[in-house]
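Written below as structure tokens is the structure these notes are about.
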Amino acid sequence: MIGADRPLDGDVTQWEGFARALSDELVRLPMEAVLILAERDDPKHFVQFLQDTDELQAEAAGGDFGDPIGSLSVRDRRLLDAVGWREPTLADEAPTWQYPLPWPATTEEYRRLATAVVTALRDVQEVATPANLVYRSWESGGRRRAVRLPGVGPDEGYVPEGYVPEGYVSEEGVPEEDGAA
């Protein structure tokens, strides 16, 4: 069970700095962009964001497809609920906890979401420190985007669908632009 009776790990100041930087990053997330933060050694521990036209959709891992509600401890469900995450139901497409943030949002709303993300990652998913995270981020059309989160690096092995490296030449010998499909 994730986070059952484990004491909180990680330097609090690292997580506080991470929360501030994440809040700033979410403010800058372009329309239709995706950001996924996952634990380097256990990608089942993740949060993800999609900037839509009327909301920033945030999701946190917190269950499994066989039992999306009962696979977390009561403690973990209470922690997530207390900071604003919505528990998945059997009708949801995925067993992820939801945190829809109406857009545009205030600075304080972004800060609250970032704090809720720290609770999900550190306290429930048991990610010891932000340095254990990697990110994947892209804009519509598959163009990768850099993310400014101290200590969090890109997931080097991940390539979004439709991504074309800069300078790529197709089989027909035609150069394609970075991010073009």
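Residue numbering restarts at 1 in every chain; chains get A, B, ... in the order shown in the structure tokens, and ligands count up from 1 in that same order.
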
Taking only segment 37-106 of chain A into account, list the residues labelled strand (DSSP E) by DSSP (computed from the backbone), as a PDB file with all heavy atoms, in the first residue's frame.
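Contents of the output file states_16.pdb:
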ATOM      1  N   LEU A  37       5.357  14.800 -14.230  1.00  0.00           N
ATOM      2  CA  LEU A  37       6.449  14.627 -13.282  1.00  0.00           C
ATOM      3  C   LEU A  37       6.334  13.211 -12.732  1.00  0.00           C
ATOM      4  O   LEU A  37       5.292  12.837 -12.204  1.00  0.00           O
ATOM      5  CB  LEU A  37       6.339  15.633 -12.135  1.00  0.00           C
ATOM      6  CG  LEU A  37       6.377  17.097 -12.540  1.00  0.00           C
ATOM      7  CD1 LEU A  37       5.987  17.970 -11.362  1.00  0.00           C
ATOM      8  CD2 LEU A  37       7.762  17.456 -13.051  1.00  0.00           C
ATOM      9  N   ALA A  38       7.411  12.435 -12.874  1.00  0.00           N
ATOM     10  CA  ALA A  38       7.377  11.041 -12.433  1.00  0.00           C
ATOM     11  C   ALA A  38       8.642  10.711 -11.657  1.00  0.00           C
ATOM     12  O   ALA A  38       9.701  11.287 -11.901  1.00  0.00           O
ATOM     13  CB  ALA A  38       7.254  10.107 -13.636  1.00  0.00           C
ATOM     14  N   GLU A  39       8.500   9.763 -10.741  1.00  0.00           N
ATOM     15  CA  GLU A  39       9.680   9.305 -10.008  1.00  0.00           C
ATOM     16  C   GLU A  39      10.578   8.540 -10.970  1.00  0.00           C
ATOM     17  O   GLU A  39      10.123   7.677 -11.718  1.00  0.00           O
ATOM     18  CB  GLU A  39       9.271   8.428  -8.827  1.00  0.00           C
ATOM     19  CG  GLU A  39      10.438   8.082  -7.942  1.00  0.00           C
ATOM     20  CD  GLU A  39      10.023   7.379  -6.656  1.00  0.00           C
ATOM     21  OE1 GLU A  39       8.906   6.828  -6.586  1.00  0.00           O
ATOM     22  OE2 GLU A  39      10.834   7.393  -5.718  1.00  0.00           O
ATOM     23  N   ASP A  42      10.490   4.766 -10.341  1.00  0.00           N
ATOM     24  CA  ASP A  42       9.168   4.149 -10.252  1.00  0.00           C
ATOM     25  C   ASP A  42       8.142   5.054 -10.915  1.00  0.00           C
ATOM     26  O   ASP A  42       7.438   5.823 -10.258  1.00  0.00           O
ATOM     27  CB  ASP A  42       8.771   3.883  -8.799  1.00  0.00           C
ATOM     28  CG  ASP A  42       7.550   2.996  -8.685  1.00  0.00           C
ATOM     29  OD1 ASP A  42       6.907   2.720  -9.724  1.00  0.00           O
ATOM     30  OD2 ASP A  42       7.220   2.581  -7.565  1.00  0.00           O
ATOM     31  N   PRO A  43       8.048   4.980 -12.257  1.00  0.00           N
ATOM     32  CA  PRO A  43       7.171   5.913 -12.987  1.00  0.00           C
ATOM     33  C   PRO A  43       5.683   5.752 -12.679  1.00  0.00           C
ATOM     34  O   PRO A  43       4.879   6.547 -13.139  1.00  0.00           O
ATOM     35  CB  PRO A  43       7.476   5.613 -14.456  1.00  0.00           C
ATOM     36  CG  PRO A  43       8.139   4.287 -14.479  1.00  0.00           C
ATOM     37  CD  PRO A  43       8.792   4.091 -13.139  1.00  0.00           C
ATOM     38  N   LYS A  44       5.303   4.752 -11.864  1.00  0.00           N
ATOM     39  CA  LYS A  44       3.906   4.667 -11.424  1.00  0.00           C
ATOM     40  C   LYS A  44       3.606   5.782 -10.427  1.00  0.00           C
ATOM     41  O   LYS A  44       2.449   6.063 -10.151  1.00  0.00           O
ATOM     42  CB  LYS A  44       3.621   3.305 -10.783  1.00  0.00           C
ATOM     43  CG  LYS A  44       3.682   2.142 -11.754  1.00  0.00           C
ATOM     44  CD  LYS A  44       3.375   0.846 -11.048  1.00  0.00           C
ATOM     45  CE  LYS A  44       4.389   0.647  -9.958  1.00  0.00           C
ATOM     46  NZ  LYS A  44       4.421  -0.622  -9.314  1.00  0.00           N
ATOM     47  N   HIS A  45       4.639   6.408  -9.878  1.00  0.00           N
ATOM     48  CA  HIS A  45       4.475   7.553  -8.988  1.00  0.00           C
ATOM     49  C   HIS A  45       4.601   8.809  -9.846  1.00  0.00           C
ATOM     50  O   HIS A  45       5.690   9.155 -10.304  1.00  0.00           O
ATOM     51  CB  HIS A  45       5.534   7.549  -7.885  1.00  0.00           C
ATOM     52  CG  HIS A  45       5.438   6.355  -7.000  1.00  0.00           C
ATOM     53  ND1 HIS A  45       6.474   5.953  -6.208  1.00  0.00           N
ATOM     54  CD2 HIS A  45       4.446   5.469  -6.771  1.00  0.00           C
ATOM     55  CE1 HIS A  45       6.111   4.872  -5.523  1.00  0.00           C
ATOM     56  NE2 HIS A  45       4.874   4.573  -5.865  1.00  0.00           N
ATOM     57  N   PHE A  46       3.476   9.486 -10.060  1.00  0.00           N
ATOM     58  CA  PHE A  46       3.505  10.633 -10.970  1.00  0.00           C
ATOM     59  C   PHE A  46       2.372  11.607 -10.660  1.00  0.00           C
ATOM     60  O   PHE A  46       1.390  11.274  -9.999  1.00  0.00           O
ATOM     61  CB  PHE A  46       3.379  10.166 -12.427  1.00  0.00           C
ATOM     62  CG  PHE A  46       2.018   9.617 -12.768  1.00  0.00           C
ATOM     63  CD1 PHE A  46       1.010  10.451 -13.240  1.00  0.00           C
ATOM     64  CD2 PHE A  46       1.733   8.270 -12.611  1.00  0.00           C
ATOM     65  CE1 PHE A  46      -0.251   9.953 -13.531  1.00  0.00           C
ATOM     66  CE2 PHE A  46       0.473   7.762 -12.915  1.00  0.00           C
ATOM     67  CZ  PHE A  46      -0.521   8.603 -13.370  1.00  0.00           C
ATOM     68  N   VAL A  47       2.545  12.799 -11.200  1.00  0.00           N
ATOM     69  CA  VAL A  47       1.478  13.778 -11.348  1.00  0.00           C
ATOM     70  C   VAL A  47       1.573  14.277 -12.783  1.00  0.00           C
ATOM     71  O   VAL A  47       2.648  14.251 -13.388  1.00  0.00           O
ATOM     72  CB  VAL A  47       1.575  14.963 -10.350  1.00  0.00           C
ATOM     73  CG1 VAL A  47       1.333  14.504  -8.924  1.00  0.00           C
ATOM     74  CG2 VAL A  47       2.885  15.684 -10.484  1.00  0.00           C
ATOM     75  N   GLN A  48       0.444  14.711 -13.325  1.00  0.00           N
ATOM     76  CA  GLN A  48       0.469  15.229 -14.690  1.00  0.00           C
ATOM     77  C   GLN A  48      -0.517  16.370 -14.836  1.00  0.00           C
ATOM     78  O   GLN A  48      -1.494  16.457 -14.091  1.00  0.00           O
ATOM     79  CB  GLN A  48       0.179  14.125 -15.698  1.00  0.00           C
ATOM     80  CG  GLN A  48      -1.145  13.429 -15.524  1.00  0.00           C
ATOM     81  CD  GLN A  48      -1.269  12.206 -16.432  1.00  0.00           C
ATOM     82  OE1 GLN A  48      -0.299  11.741 -17.026  1.00  0.00           O
ATOM     83  NE2 GLN A  48      -2.469  11.683 -16.545  1.00  0.00           N
ATOM     84  N   PHE A  49      -0.216  17.226 -15.802  1.00  0.00           N
ATOM     85  CA  PHE A  49      -0.992  18.437 -16.010  1.00  0.00           C
ATOM     86  C   PHE A  49      -1.268  18.610 -17.493  1.00  0.00           C
ATOM     87  O   PHE A  49      -0.408  18.352 -18.324  1.00  0.00           O
ATOM     88  CB  PHE A  49      -0.220  19.671 -15.526  1.00  0.00           C
ATOM     89  CG  PHE A  49       0.315  19.532 -14.139  1.00  0.00           C
ATOM     90  CD1 PHE A  49       1.577  18.995 -13.924  1.00  0.00           C
ATOM     91  CD2 PHE A  49      -0.438  19.927 -13.038  1.00  0.00           C
ATOM     92  CE1 PHE A  49       2.072  18.850 -12.636  1.00  0.00           C
ATOM     93  CE2 PHE A  49       0.057  19.792 -11.754  1.00  0.00           C
ATOM     94  CZ  PHE A  49       1.315  19.256 -11.557  1.00  0.00           C
ATOM     95  N   LEU A  50      -2.463  19.090 -17.815  1.00  0.00           N
ATOM     96  CA  LEU A  50      -2.825  19.474 -19.173  1.00  0.00           C
ATOM     97  C   LEU A  50      -3.494  20.829 -19.093  1.00  0.00           C
ATOM     98  O   LEU A  50      -4.505  20.993 -18.399  1.00  0.00           O
ATOM     99  CB  LEU A  50      -3.782  18.461 -19.807  1.00  0.00           C
ATOM    100  CG  LEU A  50      -4.433  18.908 -21.131  1.00  0.00           C
ATOM    101  CD1 LEU A  50      -3.387  19.114 -22.219  1.00  0.00           C
ATOM    102  CD2 LEU A  50      -5.491  17.913 -21.570  1.00  0.00           C
ATOM    103  N   GLN A  51      -2.925  21.811 -19.801  1.00  0.00           N
ATOM    104  CA  GLN A  51      -3.528  23.137 -19.843  1.00  0.00           C
ATOM    105  C   GLN A  51      -4.566  23.158 -20.951  1.00  0.00           C
ATOM    106  O   GLN A  51      -4.236  23.062 -22.123  1.00  0.00           O
ATOM    107  CB  GLN A  51      -2.478  24.218 -20.088  1.00  0.00           C
ATOM    108  CG  GLN A  51      -3.047  25.624 -20.156  1.00  0.00           C
ATOM    109  CD  GLN A  51      -3.730  26.031 -18.863  1.00  0.00           C
ATOM    110  OE1 GLN A  51      -3.096  26.166 -17.836  1.00  0.00           O
ATOM    111  NE2 GLN A  51      -5.047  26.231 -18.924  1.00  0.00           N
ATOM    112  N   GLU A  55      -9.498  25.184 -18.147  1.00  0.00           N
ATOM    113  CA  GLU A  55      -8.962  24.715 -16.871  1.00  0.00           C
ATOM    114  C   GLU A  55      -7.592  24.079 -17.046  1.00  0.00           C
ATOM    115  O   GLU A  55      -7.227  23.642 -18.133  1.00  0.00           O
ATOM    116  CB  GLU A  55      -9.913  23.725 -16.185  1.00  0.00           C
ATOM    117  CG  GLU A  55      -9.970  22.363 -16.826  1.00  0.00           C
ATOM    118  CD  GLU A  55     -10.901  21.398 -16.099  1.00  0.00           C
ATOM    119  OE1 GLU A  55     -11.597  21.793 -15.141  1.00  0.00           O
ATOM    120  OE2 GLU A  55     -10.925  20.226 -16.497  1.00  0.00           O
ATOM    121  N   LEU A  56      -6.861  24.063 -15.950  1.00  0.00           N
ATOM    122  CA  LEU A  56      -5.636  23.292 -15.864  1.00  0.00           C
ATOM    123  C   LEU A  56      -6.040  21.981 -15.206  1.00  0.00           C
ATOM    124  O   LEU A  56      -6.496  21.962 -14.064  1.00  0.00           O
ATOM    125  CB  LEU A  56      -4.585  24.018 -15.010  1.00  0.00           C
ATOM    126  CG  LEU A  56      -3.301  23.234 -14.723  1.00  0.00           C
ATOM    127  CD1 LEU A  56      -2.566  22.881 -16.013  1.00  0.00           C
ATOM    128  CD2 LEU A  56      -2.398  24.027 -13.799  1.00  0.00           C
ATOM    129  N   GLN A  57      -5.920  20.890 -15.942  1.00  0.00           N
ATOM    130  CA  GLN A  57      -6.297  19.587 -15.418  1.00  0.00           C
ATOM    131  C   GLN A  57      -5.072  18.955 -14.769  1.00  0.00           C
ATOM    132  O   GLN A  57      -4.062  18.737 -15.427  1.00  0.00           O
ATOM    133  CB  GLN A  57      -6.805  18.684 -16.546  1.00  0.00           C
ATOM    134  CG  GLN A  57      -7.994  19.233 -17.280  1.00  0.00           C
ATOM    135  CD  GLN A  57      -8.316  18.417 -18.521  1.00  0.00           C
ATOM    136  OE1 GLN A  57      -7.908  17.286 -18.670  1.00  0.00           O
ATOM    137  NE2 GLN A  57      -9.063  19.030 -19.431  1.00  0.00           N
ATOM    138  N   ALA A  58      -5.161  18.642 -13.493  1.00  0.00           N
ATOM    139  CA  ALA A  58      -4.078  17.983 -12.775  1.00  0.00           C
ATOM    140  C   ALA A  58      -4.564  16.605 -12.326  1.00  0.00           C
ATOM    141  O   ALA A  58      -5.711  16.459 -11.906  1.00  0.00           O
ATOM    142  CB  ALA A  58      -3.650  18.803 -11.562  1.00  0.00           C
ATOM    143  N   GLU A  59      -3.679  15.630 -12.429  1.00  0.00           N
ATOM    144  CA  GLU A  59      -3.990  14.275 -11.990  1.00  0.00           C
ATOM    145  C   GLU A  59      -2.809  13.735 -11.212  1.00  0.00           C
ATOM    146  O   GLU A  59      -1.659  14.022 -11.531  1.00  0.00           O
ATOM    147  CB  GLU A  59      -4.247  13.349 -13.184  1.00  0.00           C
ATOM    148  CG  GLU A  59      -5.442  13.728 -14.014  1.00  0.00           C
ATOM    149  CD  GLU A  59      -5.688  12.756 -15.155  1.00  0.00           C
ATOM    150  OE1 GLU A  59      -4.790  11.942 -15.469  1.00  0.00           O
ATOM    151  OE2 GLU A  59      -6.779  12.811 -15.741  1.00  0.00           O
ATOM    152  N   ALA A  60      -3.113  12.921 -10.205  1.00  0.00           N
ATOM    153  CA  ALA A  60      -2.077  12.274  -9.403  1.00  0.00           C
ATOM    154  C   ALA A  60      -2.377  10.783  -9.325  1.00  0.00           C
ATOM    155  O   ALA A  60      -3.533  10.388  -9.146  1.00  0.00           O
ATOM    156  CB  ALA A  60      -2.032  12.865  -7.992  1.00  0.00           C
ATOM    157  N   ALA A  61      -1.330   9.974  -9.464  1.00  0.00           N
ATOM    158  CA  ALA A  61      -1.498   8.535  -9.299  1.00  0.00           C
ATOM    159  C   ALA A  61      -1.965   8.273  -7.878  1.00  0.00           C
ATOM    160  O   ALA A  61      -1.599   8.985  -6.949  1.00  0.00           O
ATOM    161  CB  ALA A  61      -0.172   7.820  -9.559  1.00  0.00           C
ATOM    162  N   THR A  96      -6.898   7.877 -11.306  1.00  0.00           N
ATOM    163  CA  THR A  96      -6.099   9.010 -10.847  1.00  0.00           C
ATOM    164  C   THR A  96      -6.972   9.988 -10.076  1.00  0.00           C
ATOM    165  O   THR A  96      -8.149  10.160 -10.370  1.00  0.00           O
ATOM    166  CB  THR A  96      -5.441   9.748 -12.035  1.00  0.00           C
ATOM    167  OG1 THR A  96      -6.462  10.140 -12.944  1.00  0.00           O
ATOM    168  CG2 THR A  96      -4.406   8.873 -12.736  1.00  0.00           C
ATOM    169  N   TRP A  97      -6.347  10.634  -9.095  1.00  0.00           N
ATOM    170  CA  TRP A  97      -7.024  11.686  -8.346  1.00  0.00           C
ATOM    171  C   TRP A  97      -6.991  12.941  -9.207  1.00  0.00           C
ATOM    172  O   TRP A  97      -6.007  13.220  -9.887  1.00  0.00           O
ATOM    173  CB  TRP A  97      -6.305  11.899  -7.015  1.00  0.00           C
ATOM    174  CG  TRP A  97      -6.576  10.777  -6.049  1.00  0.00           C
ATOM    175  CD1 TRP A  97      -6.176   9.475  -6.161  1.00  0.00           C
ATOM    176  CD2 TRP A  97      -7.318  10.866  -4.847  1.00  0.00           C
ATOM    177  NE1 TRP A  97      -6.628   8.748  -5.093  1.00  0.00           N
ATOM    178  CE2 TRP A  97      -7.330   9.584  -4.261  1.00  0.00           C
ATOM    179  CE3 TRP A  97      -7.974  11.897  -4.191  1.00  0.00           C
ATOM    180  CZ2 TRP A  97      -7.969   9.304  -3.063  1.00  0.00           C
ATOM    181  CZ3 TRP A  97      -8.607  11.625  -2.991  1.00  0.00           C
ATOM    182  CH2 TRP A  97      -8.606  10.345  -2.439  1.00  0.00           C
ATOM    183  N   GLN A  98      -8.057  13.717  -9.177  1.00  0.00           N
ATOM    184  CA  GLN A  98      -8.216  14.887 -10.034  1.00  0.00           C
ATOM    185  C   GLN A  98      -8.134  16.183  -9.222  1.00  0.00           C
ATOM    186  O   GLN A  98      -8.623  16.233  -8.097  1.00  0.00           O
ATOM    187  CB  GLN A  98      -9.585  14.842 -10.723  1.00  0.00           C
ATOM    188  CG  GLN A  98      -9.915  13.531 -11.382  1.00  0.00           C
ATOM    189  CD  GLN A  98      -9.112  13.285 -12.622  1.00  0.00           C
ATOM    190  OE1 GLN A  98      -8.964  14.180 -13.444  1.00  0.00           O
ATOM    191  NE2 GLN A  98      -8.571  12.088 -12.761  1.00  0.00           N
ATOM    192  N   TYR A  99      -7.553  17.202  -9.827  1.00  0.00           N
ATOM    193  CA  TYR A  99      -7.538  18.539  -9.241  1.00  0.00           C
ATOM    194  C   TYR A  99      -7.736  19.530 -10.387  1.00  0.00           C
ATOM    195  O   TYR A  99      -6.773  20.067 -10.923  1.00  0.00           O
ATOM    196  CB  TYR A  99      -6.210  18.795  -8.532  1.00  0.00           C
ATOM    197  CG  TYR A  99      -6.192  19.975  -7.594  1.00  0.00           C
ATOM    198  CD1 TYR A  99      -5.911  19.816  -6.254  1.00  0.00           C
ATOM    199  CD2 TYR A  99      -6.424  21.274  -8.044  1.00  0.00           C
ATOM    200  CE1 TYR A  99      -5.860  20.894  -5.376  1.00  0.00           C
ATOM    201  CE2 TYR A  99      -6.377  22.355  -7.188  1.00  0.00           C
ATOM    202  CZ  TYR A  99      -6.098  22.153  -5.855  1.00  0.00           C
ATOM    203  OH  TYR A  99      -6.048  23.233  -4.994  1.00  0.00           O
ATOM    204  N   PRO A 100      -8.986  19.755 -10.796  1.00  0.00           N
ATOM    205  CA  PRO A 100      -9.229  20.720 -11.870  1.00  0.00           C
ATOM    206  C   PRO A 100      -9.099  22.142 -11.335  1.00  0.00           C
ATOM    207  O   PRO A 100      -9.668  22.480 -10.307  1.00  0.00           O
ATOM    208  CB  PRO A 100     -10.656  20.409 -12.322  1.00  0.00           C
ATOM    209  CG  PRO A 100     -11.294  19.774 -11.125  1.00  0.00           C
ATOM    210  CD  PRO A 100     -10.201  19.109 -10.343  1.00  0.00           C
ATOM    211  N   LEU A 101      -8.327  22.945 -12.019  1.00  0.00           N
ATOM    212  CA  LEU A 101      -8.134  24.338 -11.619  1.00  0.00           C
ATOM    213  C   LEU A 101      -8.701  25.227 -12.726  1.00  0.00           C
ATOM    214  O   LEU A 101      -8.162  25.232 -13.844  1.00  0.00           O
ATOM    215  CB  LEU A 101      -6.643  24.617 -11.417  1.00  0.00           C
ATOM    216  CG  LEU A 101      -6.253  25.983 -10.901  1.00  0.00           C
ATOM    217  CD1 LEU A 101      -6.830  26.231  -9.513  1.00  0.00           C
ATOM    218  CD2 LEU A 101      -4.731  26.108 -10.865  1.00  0.00           C
ATOM    219  N   PRO A 102      -9.815  25.937 -12.453  1.00  0.00           N
ATOM    220  CA  PRO A 102     -10.384  26.814 -13.488  1.00  0.00           C
ATOM    221  C   PRO A 102      -9.323  27.786 -14.007  1.00  0.00           C
ATOM    222  O   PRO A 102      -8.483  28.271 -13.242  1.00  0.00           O
ATOM    223  CB  PRO A 102     -11.506  27.553 -12.762  1.00  0.00           C
ATOM    224  CG  PRO A 102     -11.868  26.659 -11.614  1.00  0.00           C
ATOM    225  CD  PRO A 102     -10.572  26.001 -11.206  1.00  0.00           C
TER     226      PRO A 102
END

Exercise. Could you give me, as JSON, numbers by chain, the residues within 9 Å of segment 77-80 of chain A, counting only C-alpha atoms and dropping anything in the same chain fewer than 2 positions from it?
Key: {"A": [62, 69, 72, 73, 74, 75, 82, 83, 84, 85, 86, 87, 97, 116, 119, 120, 123, 124]}

Next, dump the selected residues to file, keeping only N, CA, C and O atoms, as a PDB file, in the first residue's frame.
ATOM      1  N   GLY A  62      -2.754   7.262  -7.741  1.00  0.00           N
ATOM      2  CA  GLY A  62      -3.230   6.980  -6.396  1.00  0.00           C
ATOM      3  C   GLY A  62      -4.100   5.760  -6.311  1.00  0.00           C
ATOM      4  O   GLY A  62      -4.898   5.636  -5.404  1.00  0.00           O
ATOM      5  N   ILE A  69     -10.261   2.756  -5.739  1.00  0.00           N
ATOM      6  CA  ILE A  69     -10.580   3.436  -4.493  1.00  0.00           C
ATOM      7  C   ILE A  69      -9.890   2.781  -3.307  1.00  0.00           C
ATOM      8  O   ILE A  69      -9.289   3.450  -2.475  1.00  0.00           O
ATOM      9  N   LEU A  72      -5.457   2.639  -1.837  1.00  0.00           N
ATOM     10  CA  LEU A  72      -4.741   3.575  -0.973  1.00  0.00           C
ATOM     11  C   LEU A  72      -5.231   3.392   0.457  1.00  0.00           C
ATOM     12  O   LEU A  72      -6.384   3.050   0.692  1.00  0.00           O
ATOM     13  N   SER A  73      -4.345   3.691   1.389  1.00  0.00           N
ATOM     14  CA  SER A  73      -4.754   3.614   2.795  1.00  0.00           C
ATOM     15  C   SER A  73      -5.746   4.734   3.111  1.00  0.00           C
ATOM     16  O   SER A  73      -5.836   5.733   2.387  1.00  0.00           O
ATOM     17  N   VAL A  74      -6.462   4.586   4.191  1.00  0.00           N
ATOM     18  CA  VAL A  74      -7.385   5.625   4.646  1.00  0.00           C
ATOM     19  C   VAL A  74      -6.604   6.914   4.887  1.00  0.00           C
ATOM     20  O   VAL A  74      -7.039   8.008   4.522  1.00  0.00           O
ATOM     21  N   ARG A  75      -5.428   6.799   5.500  1.00  0.00           N
ATOM     22  CA  ARG A  75      -4.569   7.963   5.766  1.00  0.00           C
ATOM     23  C   ARG A  75      -4.256   8.709   4.472  1.00  0.00           C
ATOM     24  O   ARG A  75      -4.377   9.928   4.399  1.00  0.00           O
ATOM     25  N   ALA A  82      -7.792  16.300   1.838  1.00  0.00           N
ATOM     26  CA  ALA A  82      -7.615  17.510   2.655  1.00  0.00           C
ATOM     27  C   ALA A  82      -6.986  18.659   1.874  1.00  0.00           C
ATOM     28  O   ALA A  82      -7.205  19.826   2.208  1.00  0.00           O
ATOM     29  N   VAL A  83      -6.214  18.346   0.834  1.00  0.00           N
ATOM     30  CA  VAL A  83      -5.564  19.416   0.065  1.00  0.00           C
ATOM     31  C   VAL A  83      -6.246  19.664  -1.281  1.00  0.00           C
ATOM     32  O   VAL A  83      -5.718  20.382  -2.121  1.00  0.00           O
ATOM     33  N   GLY A  84      -7.426  19.056  -1.486  1.00  0.00           N
ATOM     34  CA  GLY A  84      -8.224  19.407  -2.648  1.00  0.00           C
ATOM     35  C   GLY A  84      -8.295  18.410  -3.792  1.00  0.00           C
ATOM     36  O   GLY A  84      -8.955  18.674  -4.795  1.00  0.00           O
ATOM     37  N   TRP A  85      -7.620  17.270  -3.677  1.00  0.00           N
ATOM     38  CA  TRP A  85      -7.712  16.267  -4.737  1.00  0.00           C
ATOM     39  C   TRP A  85      -9.075  15.588  -4.671  1.00  0.00           C
ATOM     40  O   TRP A  85      -9.588  15.313  -3.596  1.00  0.00           O
ATOM     41  N   ARG A  86      -9.662  15.287  -5.838  1.00  0.00           N
ATOM     42  CA  ARG A  86     -10.928  14.568  -5.922  1.00  0.00           C
ATOM     43  C   ARG A  86     -10.639  13.092  -6.157  1.00  0.00           C
ATOM     44  O   ARG A  86      -9.947  12.718  -7.099  1.00  0.00           O
ATOM     45  N   GLU A  87     -11.194  12.272  -5.307  1.00  0.00           N
ATOM     46  CA  GLU A  87     -10.979  10.832  -5.382  1.00  0.00           C
ATOM     47  C   GLU A  87     -11.594  10.259  -6.661  1.00  0.00           C
ATOM     48  O   GLU A  87     -12.673  10.663  -7.063  1.00  0.00           O
ATOM     49  N   TRP A  97      -6.347  10.634  -9.095  1.00  0.00           N
ATOM     50  CA  TRP A  97      -7.024  11.686  -8.346  1.00  0.00           C
ATOM     51  C   TRP A  97      -6.991  12.941  -9.207  1.00  0.00           C
ATOM     52  O   TRP A  97      -6.007  13.220  -9.887  1.00  0.00           O
ATOM     53  N   ALA A 116      -0.632  20.862  -3.075  1.00  0.00           N
ATOM     54  CA  ALA A 116      -1.346  19.583  -3.183  1.00  0.00           C
ATOM     55  C   ALA A 116      -0.499  18.555  -3.936  1.00  0.00           C
ATOM     56  O   ALA A 116      -0.508  17.363  -3.607  1.00  0.00           O
ATOM     57  N   THR A 119       2.032  17.134  -1.553  1.00  0.00           N
ATOM     58  CA  THR A 119       1.388  16.139  -0.691  1.00  0.00           C
ATOM     59  C   THR A 119       1.257  14.806  -1.427  1.00  0.00           C
ATOM     60  O   THR A 119       1.559  13.749  -0.868  1.00  0.00           O
ATOM     61  N   ALA A 120       0.822  14.850  -2.678  1.00  0.00           N
ATOM     62  CA  ALA A 120       0.661  13.617  -3.451  1.00  0.00           C
ATOM     63  C   ALA A 120       1.992  12.912  -3.674  1.00  0.00           C
ATOM     64  O   ALA A 120       2.104  11.697  -3.466  1.00  0.00           O
ATOM     65  N   ASP A 123       4.091  12.696   0.358  1.00  0.00           N
ATOM     66  CA  ASP A 123       3.428  12.066   1.497  1.00  0.00           C
ATOM     67  C   ASP A 123       2.656  10.802   1.130  1.00  0.00           C
ATOM     68  O   ASP A 123       2.514   9.917   1.961  1.00  0.00           O
ATOM     69  N   VAL A 124       2.157  10.729  -0.095  1.00  0.00           N
ATOM     70  CA  VAL A 124       1.370   9.565  -0.493  1.00  0.00           C
ATOM     71  C   VAL A 124       2.185   8.619  -1.380  1.00  0.00           C
ATOM     72  O   VAL A 124       2.258   7.430  -1.122  1.00  0.00           O
TER      73      VAL A 124
END

Please produce, as a Markdown table, a per-residue contact table for segment 43-137 of chain A versus segment 141-155 of chain A (criterion: any atom at most 10 Å away, only C-alpha atoms considered), showing the nearest atom pair and its distance in Å to one decimal, sorted by chain then residue number.
| residue | atom | partner | partner_atom | distance |
| --- | --- | --- | --- | --- |
| A:Thr129 | CA | A:Gly151 | CA | 9.2 |
| A:Pro130 | CA | A:Val152 | CA | 6.4 |
| A:Ala131 | CA | A:Gly151 | CA | 4.8 |
| A:Asn132 | CA | A:Val152 | CA | 7.3 |
| A:Leu133 | CA | A:Val152 | CA | 5.5 |
| A:Val134 | CA | A:Gly153 | CA | 5.0 |
| A:Tyr135 | CA | A:Pro154 | CA | 4.8 |
| A:Arg136 | CA | A:Asp155 | CA | 5.9 |
| A:Ser137 | CA | A:Arg145 | CA | 5.5 |

Which neighbours of Thr13 of chain A fall inside 12 Å, counting only C-alpha atoms, when residues of the same chain fewer than 4 positions from it are skipped, and could you give them as an mmCIF file with N, CA, C and O atoms, in the first residue's frame?
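Full text of around_37.cif as output:
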data_model
loop_
_atom_site.group_PDB
_atom_site.id
_atom_site.type_symbol
_atom_site.label_atom_id
_atom_site.label_comp_id
_atom_site.auth_asym_id
_atom_site.auth_seq_id
_atom_site.Cartn_x
_atom_site.Cartn_y
_atom_site.Cartn_z
ATOM 1 N N ASP A 9 9.548 11.732 4.361
ATOM 2 C CA ASP A 9 10.964 11.851 4.033
ATOM 3 C C ASP A 9 11.192 13.116 3.224
ATOM 4 O O ASP A 9 10.274 13.739 2.746
ATOM 5 N N GLY A 17 10.824 24.699 -1.930
ATOM 6 C CA GLY A 17 11.381 25.319 -3.135
ATOM 7 C C GLY A 17 10.785 24.723 -4.401
ATOM 8 O O GLY A 17 10.490 25.436 -5.368
ATOM 9 N N PHE A 18 10.597 23.424 -4.401
ATOM 10 C CA PHE A 18 9.979 22.740 -5.527
ATOM 11 C C PHE A 18 8.559 23.272 -5.740
ATOM 12 O O PHE A 18 8.156 23.548 -6.878
ATOM 13 N N ALA A 19 7.787 23.400 -4.665
ATOM 14 C CA ALA A 19 6.404 23.880 -4.771
ATOM 15 C C ALA A 19 6.364 25.289 -5.364
ATOM 16 O O ALA A 19 5.526 25.591 -6.223
ATOM 17 N N ARG A 20 7.269 26.169 -4.920
ATOM 18 C CA ARG A 20 7.311 27.534 -5.468
ATOM 19 C C ARG A 20 7.626 27.503 -6.965
ATOM 20 O O ARG A 20 6.980 28.174 -7.772
ATOM 21 N N VAL A 118 2.810 18.435 -3.913
ATOM 22 C CA VAL A 118 3.829 17.975 -2.957
ATOM 23 C C VAL A 118 3.241 16.915 -2.027
ATOM 24 O O VAL A 118 3.870 15.889 -1.763
ATOM 25 N N THR A 129 12.571 12.999 -2.386
ATOM 26 C CA THR A 129 13.079 14.338 -2.658
ATOM 27 C C THR A 129 12.746 14.712 -4.102
ATOM 28 O O THR A 129 12.641 13.825 -4.961
ATOM 29 N N PRO A 130 12.577 15.984 -4.421
ATOM 30 C CA PRO A 130 12.306 16.374 -5.805
ATOM 31 C C PRO A 130 13.397 15.915 -6.781
ATOM 32 O O PRO A 130 13.113 15.709 -7.953
#
